[in-house]
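File shown: upload_27.csv (CSV, C-alpha atoms).
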chain,number,residue,atom,x,y,z
K,1,MET,CA,-16.0,24.4,48.4
K,2,GLY,CA,-17.6,24.3,45.0
K,3,ARG,CA,-20.7,26.3,43.9
K,4,TRP,CA,-22.8,23.2,43.5
K,5,LYS,CA,-24.5,21.1,46.2
K,6,PRO,CA,-22.8,17.9,47.3
K,7,GLY,CA,-24.3,14.9,45.5
K,8,ALA,CA,-25.2,16.9,42.4
K,9,GLY,CA,-23.5,14.3,40.2
K,10,ASP,CA,-25.6,11.5,41.6
K,11,ARG,CA,-28.8,13.6,41.3
K,12,LEU,CA,-27.9,14.5,37.7
K,13,ARG,CA,-27.4,10.8,36.9
K,14,GLU,CA,-30.7,9.8,38.5
K,15,ALA,CA,-32.5,12.7,36.7
K,16,ALA,CA,-31.0,11.8,33.4
K,17,LEU,CA,-31.8,8.1,33.6
K,18,SER,CA,-35.4,8.8,34.6
K,19,LEU,CA,-35.8,11.3,31.7
K,20,TYR,CA,-34.2,9.0,29.2
K,21,LEU,CA,-36.7,6.3,30.3
K,22,GLU,CA,-39.7,8.6,30.3
K,23,ARG,CA,-39.1,10.6,27.1
K,24,GLY,CA,-36.4,8.6,25.3
K,25,PHE,CA,-32.7,9.5,25.1
K,26,GLU,CA,-33.0,11.6,21.9
K,27,GLN,CA,-35.8,13.6,23.2
K,28,THR,CA,-34.1,14.6,26.4
K,29,THR,CA,-31.9,17.8,26.6
K,30,VAL,CA,-29.2,18.7,29.0
K,31,ALA,CA,-31.5,21.6,30.2
K,32,ASP,CA,-34.2,19.1,31.0
K,33,ILE,CA,-31.8,17.0,33.1
K,34,ALA,CA,-30.4,20.0,34.9
K,35,GLU,CA,-33.9,21.3,35.7
K,36,ARG,CA,-35.0,17.9,37.0
K,37,ALA,CA,-31.9,17.7,39.2
K,38,GLY,CA,-32.4,21.3,40.5
K,39,VAL,CA,-29.1,22.6,39.1
K,40,THR,CA,-28.0,24.7,36.1
K,41,ALA,CA,-26.9,23.3,32.8
K,42,ARG,CA,-23.5,24.8,33.7
K,43,THR,CA,-23.3,22.4,36.6
K,44,PHE,CA,-24.3,19.5,34.4
K,45,PHE,CA,-21.2,20.2,32.3
K,46,ARG,CA,-19.0,20.2,35.4
K,47,TYR,CA,-19.8,16.5,35.8
K,48,PHE,CA,-20.4,15.2,32.2
K,49,ALA,CA,-19.1,16.2,28.8
K,50,ASP,CA,-22.5,15.5,27.2
K,51,LYS,CA,-25.7,13.6,27.8
K,52,ARG,CA,-24.3,10.3,26.5
K,53,GLU,CA,-21.4,10.5,29.0
K,54,VAL,CA,-23.9,10.2,31.8
K,55,LEU,CA,-24.2,6.6,30.7
K,56,PHE,CA,-20.6,5.8,29.9
K,57,ASP,CA,-18.4,8.0,32.2
K,58,ALA,CA,-17.7,5.0,34.5
K,59,SER,CA,-16.2,2.9,31.7
K,60,SER,CA,-12.7,4.3,31.8
K,61,VAL,CA,-12.6,3.7,35.6
K,62,LEU,CA,-14.0,0.2,35.0
K,63,GLU,CA,-11.1,-0.6,32.6
K,64,GLU,CA,-8.5,0.9,34.9
K,65,LYS,CA,-9.8,-1.2,37.9
K,66,SER,CA,-10.1,-4.3,35.8
K,67,LEU,CA,-6.5,-4.1,34.7
K,68,ALA,CA,-5.5,-3.3,38.3
K,69,ALA,CA,-7.4,-6.4,39.5
K,70,LEU,CA,-5.4,-8.5,37.0
K,71,GLU,CA,-2.2,-7.2,38.5
K,72,GLY,CA,-3.3,-8.7,41.8
K,73,VAL,CA,-3.6,-12.2,40.4
K,74,PRO,CA,-0.6,-14.5,40.9
K,75,ALA,CA,1.4,-15.0,37.7
K,76,THR,CA,0.9,-18.8,38.0
K,77,ALA,CA,-2.9,-18.5,37.7
K,78,SER,CA,-4.5,-19.9,34.5
K,79,ALA,CA,-5.8,-17.4,32.0
K,80,LEU,CA,-9.4,-18.1,32.8
K,81,VAL,CA,-8.8,-17.9,36.6
K,82,SER,CA,-7.2,-14.5,36.0
K,83,VAL,CA,-10.1,-13.1,34.1
K,84,ALA,CA,-12.4,-14.6,36.7
K,85,ALA,CA,-10.7,-12.3,39.2
K,86,VAL,CA,-11.2,-9.4,36.9
K,87,LEU,CA,-14.9,-10.2,36.6
K,88,ASP,CA,-15.1,-10.3,40.4
K,89,SER,CA,-13.8,-6.8,40.6
K,90,VAL,CA,-16.1,-5.6,37.8
K,91,ALA,CA,-19.1,-7.1,39.8
K,92,ARG,CA,-18.1,-5.2,42.9
K,93,MET,CA,-18.0,-2.0,40.8
K,94,VAL,CA,-21.3,-2.3,38.9
K,95,GLY,CA,-23.2,-4.7,41.1
K,96,GLY,CA,-24.0,-2.3,44.0
K,97,ASP,CA,-27.2,-0.7,42.7
K,98,ARG,CA,-29.3,-3.1,40.6
K,99,GLU,CA,-32.1,-0.5,40.1
K,100,LEU,CA,-29.7,2.0,38.6
K,101,ALA,CA,-28.1,-0.8,36.4
K,102,ARG,CA,-31.5,-1.9,35.3
K,103,LYS,CA,-32.5,1.7,34.2
K,104,ARG,CA,-29.2,2.2,32.4
K,105,GLN,CA,-29.6,-1.1,30.6
K,106,ALA,CA,-33.2,-0.3,29.5
K,107,VAL,CA,-32.1,3.1,28.2
K,108,ILE,CA,-29.2,1.6,26.2
K,109,MET,CA,-31.2,-1.3,24.8
K,110,ALA,CA,-33.8,1.2,23.5
K,111,ASN,CA,-31.3,3.1,21.3
K,112,ALA,CA,-29.1,1.7,18.5
K,113,ASP,CA,-26.3,4.2,18.9
K,114,LEU,CA,-26.1,3.6,22.7
K,115,ARG,CA,-26.0,-0.2,22.1
K,116,GLU,CA,-23.1,0.3,19.7
K,117,ARG,CA,-21.3,2.5,22.1
K,118,GLU,CA,-21.7,-0.1,24.9
K,119,LEU,CA,-20.4,-2.8,22.5
K,120,ILE,CA,-17.4,-0.8,21.6
K,121,LYS,CA,-16.5,-0.1,25.2
K,122,LEU,CA,-16.7,-3.8,26.0
K,123,THR,CA,-14.6,-4.7,23.0
K,124,SER,CA,-12.0,-2.1,24.0
K,125,LEU,CA,-11.9,-3.6,27.5
K,126,SER,CA,-11.4,-7.1,26.0
K,127,ALA,CA,-8.5,-5.8,23.8
K,128,ALA,CA,-6.9,-4.2,26.9
K,129,LEU,CA,-7.3,-7.3,28.9
K,130,ALA,CA,-5.9,-9.6,26.2
K,131,ASP,CA,-2.9,-7.2,25.8
K,132,ARG,CA,-2.2,-7.3,29.6
K,133,LEU,CA,-2.6,-11.1,29.7
K,134,ARG,CA,0.0,-11.4,26.9
K,135,ARG,CA,2.4,-9.2,28.8
K,136,ARG,CA,1.9,-11.5,31.8
K,137,GLY,CA,3.2,-14.4,29.6
K,138,VAL,CA,-0.1,-15.9,28.5
K,139,GLY,CA,0.1,-17.2,25.0
K,140,ASP,CA,-1.3,-15.0,22.2
K,141,ILE,CA,-4.3,-17.1,21.4
K,142,GLU,CA,-5.1,-18.0,25.0
K,143,ALA,CA,-5.0,-14.3,25.9
K,144,GLY,CA,-7.4,-13.4,23.2
K,145,LEU,CA,-9.7,-16.2,23.9
K,146,ALA,CA,-9.8,-15.6,27.7
K,147,ALA,CA,-10.5,-11.9,27.3
K,148,GLU,CA,-13.2,-12.4,24.7
K,149,THR,CA,-14.7,-15.2,26.8
K,150,SER,CA,-14.8,-13.0,29.9
K,151,ILE,CA,-16.8,-10.4,27.9
K,152,ALA,CA,-19.2,-13.2,26.8
K,153,VAL,CA,-19.7,-14.4,30.4
K,154,PHE,CA,-20.1,-10.8,31.6
K,155,ARG,CA,-22.8,-10.0,28.9
K,156,VAL,CA,-24.8,-13.1,29.6
K,157,ALA,CA,-24.5,-12.8,33.4
K,158,PHE,CA,-25.2,-9.1,33.5
K,159,SER,CA,-28.4,-9.5,31.4
K,160,ARG,CA,-29.5,-12.4,33.8
K,161,TRP,CA,-28.8,-10.2,36.8
K,162,VAL,CA,-30.7,-7.1,35.6
K,163,THR,CA,-33.7,-9.1,34.4
K,164,ALA,CA,-33.9,-11.5,37.3
K,165,ALA,CA,-37.2,-11.4,39.3
K,166,ASP,CA,-35.4,-11.8,42.7
K,167,ASP,CA,-32.5,-9.7,44.0
K,168,GLN,CA,-29.3,-11.6,43.3
K,169,ASP,CA,-25.7,-10.8,43.8
K,170,LEU,CA,-24.0,-9.9,40.5
K,171,GLN,CA,-20.8,-11.6,41.6
K,172,ASP,CA,-22.6,-14.9,42.3
K,173,VAL,CA,-24.4,-14.7,38.9
K,174,ILE,CA,-21.1,-14.1,37.1
K,175,ARG,CA,-19.4,-17.0,38.9
K,176,GLU,CA,-22.2,-19.3,38.2
K,177,THR,CA,-22.2,-18.3,34.5
K,178,LEU,CA,-18.5,-18.9,34.3
K,179,ASP,CA,-19.1,-22.4,35.8
K,180,ARG,CA,-21.8,-23.0,33.2
K,181,LEU,CA,-19.3,-22.0,30.5
K,182,ARG,CA,-16.8,-24.6,31.9
K,183,THR,CA,-19.5,-27.3,31.8
K,184,LEU,CA,-20.6,-26.2,28.3
K,185,ALA,CA,-17.0,-26.4,27.0
K,186,ALA,CA,-16.5,-29.9,28.5
K,187,ASP,CA,-19.6,-31.3,26.6
K,188,ARG,CA,-18.6,-33.3,23.5
W,1,MET,CA,-29.1,-10.6,-20.5
W,2,GLY,CA,-28.3,-7.6,-18.4
W,3,ARG,CA,-26.5,-4.5,-19.6
W,4,TRP,CA,-23.4,-5.0,-17.5
W,5,LYS,CA,-20.6,-7.5,-18.2
W,6,PRO,CA,-20.6,-10.8,-16.3
W,7,GLY,CA,-18.3,-10.6,-13.3
W,8,ALA,CA,-18.8,-6.9,-12.8
W,9,GLY,CA,-19.7,-7.5,-9.2
W,10,ASP,CA,-16.4,-9.3,-8.5
W,11,ARG,CA,-14.5,-6.6,-10.4
W,12,LEU,CA,-16.2,-3.9,-8.4
W,13,ARG,CA,-15.4,-5.6,-5.1
W,14,GLU,CA,-11.7,-6.0,-6.1
W,15,ALA,CA,-11.5,-2.4,-7.3
W,16,ALA,CA,-13.2,-1.1,-4.1
W,17,LEU,CA,-10.9,-3.0,-1.7
W,18,SER,CA,-7.8,-1.9,-3.6
W,19,LEU,CA,-8.9,1.7,-3.6
W,20,TYR,CA,-9.9,1.6,0.1
W,21,LEU,CA,-6.4,0.3,0.9
W,22,GLU,CA,-4.6,2.8,-1.3
W,23,ARG,CA,-6.5,5.9,-0.5
W,24,GLY,CA,-8.5,5.1,2.6
W,25,PHE,CA,-12.2,4.3,2.8
W,26,GLU,CA,-13.3,7.9,3.3
W,27,GLN,CA,-11.3,9.2,0.4
W,28,THR,CA,-12.7,6.8,-2.1
W,29,THR,CA,-15.9,7.6,-4.1
W,30,VAL,CA,-18.3,5.3,-5.9
W,31,ALA,CA,-17.2,7.0,-9.2
W,32,ASP,CA,-13.5,6.0,-8.4
W,33,ILE,CA,-14.5,2.4,-7.8
W,34,ALA,CA,-16.6,2.2,-11.0
W,35,GLU,CA,-13.8,3.8,-13.1
W,36,ARG,CA,-11.3,1.3,-11.7
W,37,ALA,CA,-13.6,-1.6,-12.5
W,38,GLY,CA,-14.3,-0.3,-16.0
W,39,VAL,CA,-18.0,0.2,-15.4
W,40,THR,CA,-20.4,3.1,-14.8
W,41,ALA,CA,-21.5,4.3,-11.4
W,42,ARG,CA,-25.0,3.2,-12.4
W,43,THR,CA,-23.7,-0.4,-12.7
W,44,PHE,CA,-22.1,0.0,-9.2
W,45,PHE,CA,-25.5,0.7,-7.8
W,46,ARG,CA,-27.0,-2.4,-9.4
W,47,TYR,CA,-24.7,-4.4,-7.2
W,48,PHE,CA,-24.3,-2.4,-4.0
W,49,ALA,CA,-26.4,0.1,-2.1
W,50,ASP,CA,-23.4,2.2,-1.2
W,51,LYS,CA,-19.6,1.9,-0.8
W,52,ARG,CA,-19.9,0.5,2.7
W,53,GLU,CA,-22.1,-2.4,1.4
W,54,VAL,CA,-19.2,-3.6,-0.7
W,55,LEU,CA,-17.7,-4.7,2.6
W,56,PHE,CA,-20.9,-6.0,4.3
W,57,ASP,CA,-23.3,-7.3,1.7
W,58,ALA,CA,-22.3,-10.9,2.4
W,59,SER,CA,-23.4,-10.7,6.1
W,60,SER,CA,-27.1,-11.4,5.6
W,61,VAL,CA,-26.3,-14.4,3.5
W,62,LEU,CA,-23.8,-15.4,6.2
W,63,GLU,CA,-26.5,-15.2,8.9
W,64,GLU,CA,-28.9,-17.1,6.8
W,65,LYS,CA,-26.5,-19.9,6.0
W,66,SER,CA,-25.3,-20.1,9.7
W,67,LEU,CA,-28.9,-20.6,10.8
W,68,ALA,CA,-29.4,-23.2,8.1
W,69,ALA,CA,-26.3,-25.0,9.2
W,70,LEU,CA,-27.7,-25.2,12.7
W,71,GLU,CA,-30.9,-26.8,11.4
W,72,GLY,CA,-28.7,-29.6,10.0
W,73,VAL,CA,-27.3,-30.5,13.5
W,74,PRO,CA,-29.0,-33.3,15.3
W,75,ALA,CA,-31.2,-32.0,18.2
W,76,THR,CA,-29.2,-34.3,20.6
W,77,ALA,CA,-25.9,-32.4,20.0
W,78,SER,CA,-24.6,-30.3,22.8
W,79,ALA,CA,-24.8,-26.5,22.4
W,80,LEU,CA,-21.1,-26.1,21.7
W,81,VAL,CA,-21.0,-28.9,19.2
W,82,SER,CA,-24.0,-27.2,17.5
W,83,VAL,CA,-22.2,-23.9,17.2
W,84,ALA,CA,-19.1,-25.7,16.1
W,85,ALA,CA,-21.1,-26.9,13.1
W,86,VAL,CA,-22.2,-23.4,12.4
W,87,LEU,CA,-18.6,-22.2,12.5
W,88,ASP,CA,-17.6,-24.9,10.0
W,89,SER,CA,-20.2,-23.6,7.6
W,90,VAL,CA,-19.0,-20.0,8.2
W,91,ALA,CA,-15.4,-21.1,7.5
W,92,ARG,CA,-16.5,-22.6,4.2
W,93,MET,CA,-18.2,-19.4,3.2
W,94,VAL,CA,-15.5,-16.9,4.1
W,95,GLY,CA,-12.4,-19.1,4.0
W,96,GLY,CA,-12.1,-19.5,0.3
W,97,ASP,CA,-10.1,-16.4,-0.6
W,98,ARG,CA,-7.6,-15.4,2.1
W,99,GLU,CA,-6.2,-12.5,0.1
W,100,LEU,CA,-9.6,-10.9,-0.2
W,101,ALA,CA,-10.3,-11.5,3.4
W,102,ARG,CA,-7.0,-10.0,4.4
W,103,LYS,CA,-7.7,-6.9,2.4
W,104,ARG,CA,-11.2,-6.5,3.8
W,105,GLN,CA,-9.9,-6.9,7.3
W,106,ALA,CA,-7.2,-4.3,6.8
W,107,VAL,CA,-9.8,-1.8,5.4
W,108,ILE,CA,-12.1,-2.4,8.3
W,109,MET,CA,-9.4,-2.2,11.0
W,110,ALA,CA,-8.3,1.2,9.6
W,111,ASN,CA,-11.7,2.8,10.2
W,112,ALA,CA,-13.6,3.2,13.4
W,113,ASP,CA,-17.1,3.3,11.8
W,114,LEU,CA,-16.4,0.1,9.8
W,115,ARG,CA,-15.1,-1.7,13.0
W,116,GLU,CA,-18.3,-0.8,14.7
W,117,ARG,CA,-20.4,-2.0,11.8
W,118,GLU,CA,-18.5,-5.3,11.8
W,119,LEU,CA,-19.0,-5.7,15.6
W,120,ILE,CA,-22.7,-5.0,15.2
W,121,LYS,CA,-23.1,-7.6,12.5
W,122,LEU,CA,-21.3,-10.2,14.7
W,123,THR,CA,-23.5,-9.3,17.7
W,124,SER,CA,-26.6,-9.6,15.6
W,125,LEU,CA,-25.5,-13.0,14.4
W,126,SER,CA,-24.8,-14.0,18.0
W,127,ALA,CA,-28.3,-13.0,19.0
W,128,ALA,CA,-29.9,-14.8,16.1
W,129,LEU,CA,-27.9,-18.0,16.9
W,130,ALA,CA,-28.9,-17.8,20.6
W,131,ASP,CA,-32.5,-17.4,19.7
W,132,ARG,CA,-32.4,-20.4,17.4
W,133,LEU,CA,-30.6,-22.5,20.0
W,134,ARG,CA,-33.3,-21.6,22.5
W,135,ARG,CA,-36.0,-22.8,20.1
W,136,ARG,CA,-34.1,-26.0,19.7
W,137,GLY,CA,-34.5,-26.6,23.4
W,138,VAL,CA,-31.2,-25.4,24.7
W,139,GLY,CA,-31.5,-23.6,28.1
W,140,ASP,CA,-31.6,-19.8,28.0
W,141,ILE,CA,-28.2,-19.3,29.6
W,142,GLU,CA,-26.4,-22.0,27.7
W,143,ALA,CA,-27.8,-20.7,24.4
W,144,GLY,CA,-26.5,-17.2,25.1
W,145,LEU,CA,-23.1,-18.5,26.3
W,146,ALA,CA,-22.7,-20.9,23.3
W,147,ALA,CA,-23.6,-18.1,20.8
W,148,GLU,CA,-21.3,-15.5,22.4
W,149,THR,CA,-18.5,-18.0,22.7
W,150,SER,CA,-18.8,-19.0,19.1
W,151,ILE,CA,-18.3,-15.3,18.1
W,152,ALA,CA,-15.3,-15.1,20.5
W,153,VAL,CA,-13.8,-18.2,18.9
W,154,PHE,CA,-14.5,-16.9,15.4
W,155,ARG,CA,-12.9,-13.5,16.1
W,156,VAL,CA,-9.7,-15.0,17.5
W,157,ALA,CA,-9.5,-17.6,14.8
W,158,PHE,CA,-10.2,-15.2,11.9
W,159,SER,CA,-7.6,-12.8,13.1
W,160,ARG,CA,-5.0,-15.7,13.4
W,161,TRP,CA,-6.0,-16.9,9.9
W,162,VAL,CA,-5.7,-13.6,8.1
W,163,THR,CA,-2.4,-12.6,9.7
W,164,ALA,CA,-0.7,-16.1,9.5
W,165,ALA,CA,2.5,-16.2,7.6
W,166,ASP,CA,1.7,-19.5,5.9
W,167,ASP,CA,-1.5,-20.4,4.1
W,168,GLN,CA,-3.8,-22.2,6.5
W,169,ASP,CA,-7.3,-23.5,6.2
W,170,LEU,CA,-9.8,-21.3,8.1
W,171,GLN,CA,-11.8,-24.4,9.1
W,172,ASP,CA,-8.7,-25.9,10.7
W,173,VAL,CA,-7.8,-22.7,12.5
W,174,ILE,CA,-11.4,-22.4,13.9
W,175,ARG,CA,-11.5,-26.0,15.1
W,176,GLU,CA,-8.1,-25.7,16.7
W,177,THR,CA,-9.1,-22.4,18.4
W,178,LEU,CA,-12.3,-24.1,19.7
W,179,ASP,CA,-10.2,-26.9,21.1
W,180,ARG,CA,-8.0,-24.4,22.8
W,181,LEU,CA,-11.0,-22.8,24.4
W,182,ARG,CA,-12.1,-26.2,25.7
W,183,THR,CA,-8.6,-26.7,27.2
W,184,LEU,CA,-8.7,-23.1,28.7
W,185,ALA,CA,-12.1,-23.7,30.2
W,186,ALA,CA,-10.8,-26.9,31.9
W,187,ASP,CA,-7.9,-25.2,33.6
W,188,ARG,CA,-8.5,-24.5,37.2
What is this file in C-alpha cells?
Amino acid sequence: MGRWKPGAGDRLREAALSLYLERGFEQTTVADIAERAGVTARTFFRYFADKREVLFDASSVLEEKSLAALEGVPATASALVSVAAVLDSVARMVGGDRELARKRQAVIMANADLRERELIKLTSLSAALADRLRRRGVGDIEAGLAAETSIAVFRVAFSRWVTAADDQDLQDVIRETLDRLRTLAADR
Amino acid sequence: MGRWKPGAGDRLREAALSLYLERGFEQTTVADIAERAGVTARTFFRYFADKREVLFDASSVLEEKSLAALEGVPATASALVSVAAVLDSVARMVGGDRELARKRQAVIMANADLRERELIKLTSLSAALADRLRRRGVGDIEAGLAAETSIAVFRVAFSRWVTAADDQDLQDVIRETLDRLRTLAADR
C-alpha cells in the first residue's frame, strides 16, 4: 500500500480547517498543516494541489453527483421538482458532518478570496444544471430560472443549517426552504 | 468650469468599451482609452479610478437606488412584490441603452476576473436587499430568499434582454421573467 497512513486525507482536512480558524487562512502554510496532521508536506500534496483546494476539492464531485441525480429524475417532472431532487442529493453529500461544514463556512466567510471562489463554484454548478435541464427539454428561461433558484434555496438553507442552534437535517432544511420559496412566489 | 470638455465621461466609457471589445480588456491601457476619447490620461482619472471601474462605477449608485426604491414600497407589500419594485427601478437605470449594455456584457463575459467582479457586486446587492427587508419586518428566511430570488430573476432577464433579436423593454422582460418564476414555483 501507499507510504502514508490510512485516513491522512481526513486528518489533513481537519488540521487545515482548525489552523485556518486559529491563525487565519493567509497565515497558515502547508508545512503547518502537514505538521499538525503528523505527515510530511509531500504527503499533503498527494491529497491536495494547494491549501485552497482543501476547502474546494469536493466541488467537482458535487457537480458530477448533482448532474447524475438529475438523470435519475423522470423526464416528466417539472423543472423545480427536478432541481429539488438535485438538492436532495447535495444534502446527502454535504449534510453528513455539520461541525466540519460549520468550520469550513467560518473559514470561507472570513476571507474575501475564498468567498469569491465559493460563489464562482456555485455559479458554475448553476450553469451546468441549467444546461442539463435544457438538454432534457426544459425551456431556456425555465431552465435558467430553476437552476438559479436552486442555488438561492441552497445558499439560504445551508446558512440556516450551519448556524442553527439545534442539530437539524440539511435535507429537511432545504426542503422546508424550497416550500417557503413556493409560498413566497404565490404571494401577490 | 472644469478643464475637460463636457461629455468626456461618456466618451471615455464608449471608447473603453469599444477598445475592450476590439483588443480585449487586458490588452487595453488607460492611455489607449484616453487617446481614443480625445482626452489626456489625467482626464481619464478624473472620471474613473482605473480601467475596471469604467465597467463597475455605476454599481454603488445602483445599490443606493435599489434600496431607495424599497423604501417607497408600502410596508404591507409581500417580500416578492417589494423586490419586484426594486427590479423595476433597476430596469429603469440600466435598461436605457441596450447597445451599451450589450457591449459591457460581452466584455465582462470574456474575462474571468470581470465575471467574478460582477458576481460579487450582485451578491453584495442581494445581501443589502435582504438586510433592508429584515429591517422592514420581513422574516429572516423570506428576506434572504426574496433577495436571492430577485438576483436570479435579474440575471436570467438581463441575459435574455441583451441577447434578444428584437428591441425589448428591460422592465417588461424582468416582469415576465418574474411571472415565469411564479408559475415555475407553483408546478408540483
Near W:Val83, counting only C-alpha atoms, which residues have an atom at most 9 Å away, once you skip same-chain residues fewer than 6 positions from it, shown as a PyMOL selection string?
-> chain W and resi 66+70+129+133+146-147+149-150
For chain W, work out the contacting residues on chain K at 6 Å, counting all atoms listed in the file, and write them as an NGL selection string.
-> :K and (148 or 152 or 182 or 185)
Could those selected residues go to a file with C-alpha atoms, as a tab-separated table (two decimals), keeping the file's coordinate frame?
chain	number	residue	atom	x	y	z
K	148	GLU	CA	-13.20	-12.40	24.70
K	152	ALA	CA	-19.20	-13.20	26.80
K	182	ARG	CA	-16.80	-24.60	31.90
K	185	ALA	CA	-17.00	-26.40	27.00
Could you name the residues that touch K:Leu170 at 9 Å or less, counting all atoms listed in the file, but leaving out those on the same chain fewer than 4 positions away, as a list in words?
-> Asp88, Ala91, Arg92, Val94, Gly95, Gly96, Arg98, Ala157, Phe158, Trp161, Val162, Ile174 and Arg175 of chain K
One-decimal distance in Å that lies between atom CA of K:Val107 and atom CA of K:Phe25 =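 Computing the Euclidean distance for atom CA of K:Phe25 and atom CA of K:Val107 yields 7.1 Å.
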If we count all atoms listed in the file, what is near W:Glu118 at a cut-off of 10 Å, once residues fewer than 5 positions away on the same chain are taken out, given as a JSON list (two decimals) with C-alpha atoms, in the frame of the given file?
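Below you can see out30.json, which holds the result:
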[["chain", "number", "residue", "atom", "x", "y", "z"],
["W", 55, "LEU", "CA", -17.70, -4.70, 2.60],
["W", 56, "PHE", "CA", -20.90, -6.00, 4.30],
["W", 59, "SER", "CA", -23.40, -10.70, 6.10],
["W", 105, "GLN", "CA", -9.90, -6.90, 7.30],
["W", 108, "ILE", "CA", -12.10, -2.40, 8.30],
["W", 109, "MET", "CA", -9.40, -2.20, 11.00],
["W", 112, "ALA", "CA", -13.60, 3.20, 13.40],
["W", 113, "ASP", "CA", -17.10, 3.30, 11.80],
["W", 123, "THR", "CA", -23.50, -9.30, 17.70],
["W", 124, "SER", "CA", -26.60, -9.60, 15.60]]
When you draw a straight line from atom CA of K:Ala110 to atom CA of K:Leu17, how long is it in Å?
->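 So the answer is 12.4 Å.
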Option closest in space to W:Glu176, from W:Phe45, W:Tyr20, W:Leu87, W:Asp10 [counting only C-alpha atoms] =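 Among the listed residues, the smallest separation from W:Glu176 belongs to W:Leu87.
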Of the listed residues K:Arg104, K:Ala127, K:Gly139, K:Ala164, that which approaches K:Leu21 most closely, counting all atoms listed in the file |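 Among the listed residues, the smallest separation from K:Leu21 belongs to K:Arg104.
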Residues within 9 Å of W:Val30, all atoms listed in the file, excluding chain neighbours under 5 positions, as a list in words | Ala16, Glu35, Ala41, Phe44, Phe45, Asp50 and Lys51 of chain W
Neighbours of W:Leu12 within 9 Å (all atoms listed in the file; same-chain residues fewer than 5 positions away dropped), as an MDAnalysis selection string?
-> chainID W and resid 7 17 33:34 36:39 44 47 54
Have a look at atom CA of K:Ala69 and atom CA of K:Ala85 and let me know their distance in Å, one decimal.
->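 Value for the atom CA of K:Ala69-atom CA of K:Ala85 distance: 6.8 Å.
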Return the single residue from K:Ala101, K:Ala58, K:Val138, K:Ala15 that is closest to K:Ser82, with distances computed using all atoms listed in the file.
->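 For K:Ser82, the nearest of the candidates is K:Val138.
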Could you rebuild stretch 94-99 of chain W with all heavy atoms and give it back as a PDB file, keeping the file's coordinate frame?
ATOM      1  N   VAL W  94     -16.440 -18.017   4.141  1.00  0.00           N
ATOM      2  CA  VAL W  94     -15.500 -16.900   4.100  1.00  0.00           C
ATOM      3  C   VAL W  94     -14.041 -17.309   3.958  1.00  0.00           C
ATOM      4  O   VAL W  94     -13.164 -16.463   3.785  1.00  0.00           O
ATOM      5  CB  VAL W  94     -15.651 -15.941   5.334  1.00  0.00           C
ATOM      6  CG1 VAL W  94     -17.058 -15.388   5.428  1.00  0.00           C
ATOM      7  CG2 VAL W  94     -15.269 -16.643   6.620  1.00  0.00           C
ATOM      8  N   GLY W  95     -13.792 -18.632   4.033  1.00  0.00           N
ATOM      9  CA  GLY W  95     -12.400 -19.100   4.000  1.00  0.00           C
ATOM     10  C   GLY W  95     -11.818 -19.354   2.669  1.00  0.00           C
ATOM     11  O   GLY W  95     -10.670 -19.783   2.558  1.00  0.00           O
ATOM     12  N   GLY W  96     -12.561 -19.106   1.609  1.00  0.00           N
ATOM     13  CA  GLY W  96     -12.100 -19.500   0.300  1.00  0.00           C
ATOM     14  C   GLY W  96     -11.025 -18.586  -0.299  1.00  0.00           C
ATOM     15  O   GLY W  96     -10.166 -19.046  -1.045  1.00  0.00           O
ATOM     16  N   ASP W  97     -11.031 -17.332   0.047  1.00  0.00           N
ATOM     17  CA  ASP W  97     -10.100 -16.400  -0.600  1.00  0.00           C
ATOM     18  C   ASP W  97      -9.431 -15.563   0.532  1.00  0.00           C
ATOM     19  O   ASP W  97      -9.946 -14.537   0.956  1.00  0.00           O
ATOM     20  CB  ASP W  97     -10.837 -15.491  -1.556  1.00  0.00           C
ATOM     21  CG  ASP W  97      -9.886 -14.652  -2.393  1.00  0.00           C
ATOM     22  OD1 ASP W  97      -8.731 -14.435  -1.972  1.00  0.00           O
ATOM     23  OD2 ASP W  97     -10.304 -14.191  -3.470  1.00  0.00           O
ATOM     24  N   ARG W  98      -8.253 -16.042   0.972  1.00  0.00           N
ATOM     25  CA  ARG W  98      -7.600 -15.400   2.100  1.00  0.00           C
ATOM     26  C   ARG W  98      -7.107 -13.982   1.739  1.00  0.00           C
ATOM     27  O   ARG W  98      -7.117 -13.071   2.571  1.00  0.00           O
ATOM     28  CB  ARG W  98      -6.448 -16.220   2.644  1.00  0.00           C
ATOM     29  CG  ARG W  98      -6.015 -15.762   4.027  1.00  0.00           C
ATOM     30  CD  ARG W  98      -5.117 -16.761   4.700  1.00  0.00           C
ATOM     31  NE  ARG W  98      -3.802 -16.742   4.116  1.00  0.00           N
ATOM     32  CZ  ARG W  98      -2.680 -16.602   4.829  1.00  0.00           C
ATOM     33  NH1 ARG W  98      -2.739 -16.490   6.141  1.00  0.00           N
ATOM     34  NH2 ARG W  98      -1.526 -16.606   4.244  1.00  0.00           N
ATOM     35  N   GLU W  99      -6.679 -13.801   0.488  1.00  0.00           N
ATOM     36  CA  GLU W  99      -6.200 -12.500   0.100  1.00  0.00           C
ATOM     37  C   GLU W  99      -7.274 -11.439   0.159  1.00  0.00           C
ATOM     38  O   GLU W  99      -7.069 -10.329   0.654  1.00  0.00           O
ATOM     39  CB  GLU W  99      -5.583 -12.593  -1.329  1.00  0.00           C
ATOM     40  CG  GLU W  99      -4.576 -11.514  -1.657  1.00  0.00           C
ATOM     41  CD  GLU W  99      -3.640 -11.164  -0.516  1.00  0.00           C
ATOM     42  OE1 GLU W  99      -3.102 -12.084   0.145  1.00  0.00           O
ATOM     43  OE2 GLU W  99      -3.474  -9.955  -0.239  1.00  0.00           O
TER      44      GLU W  99
END
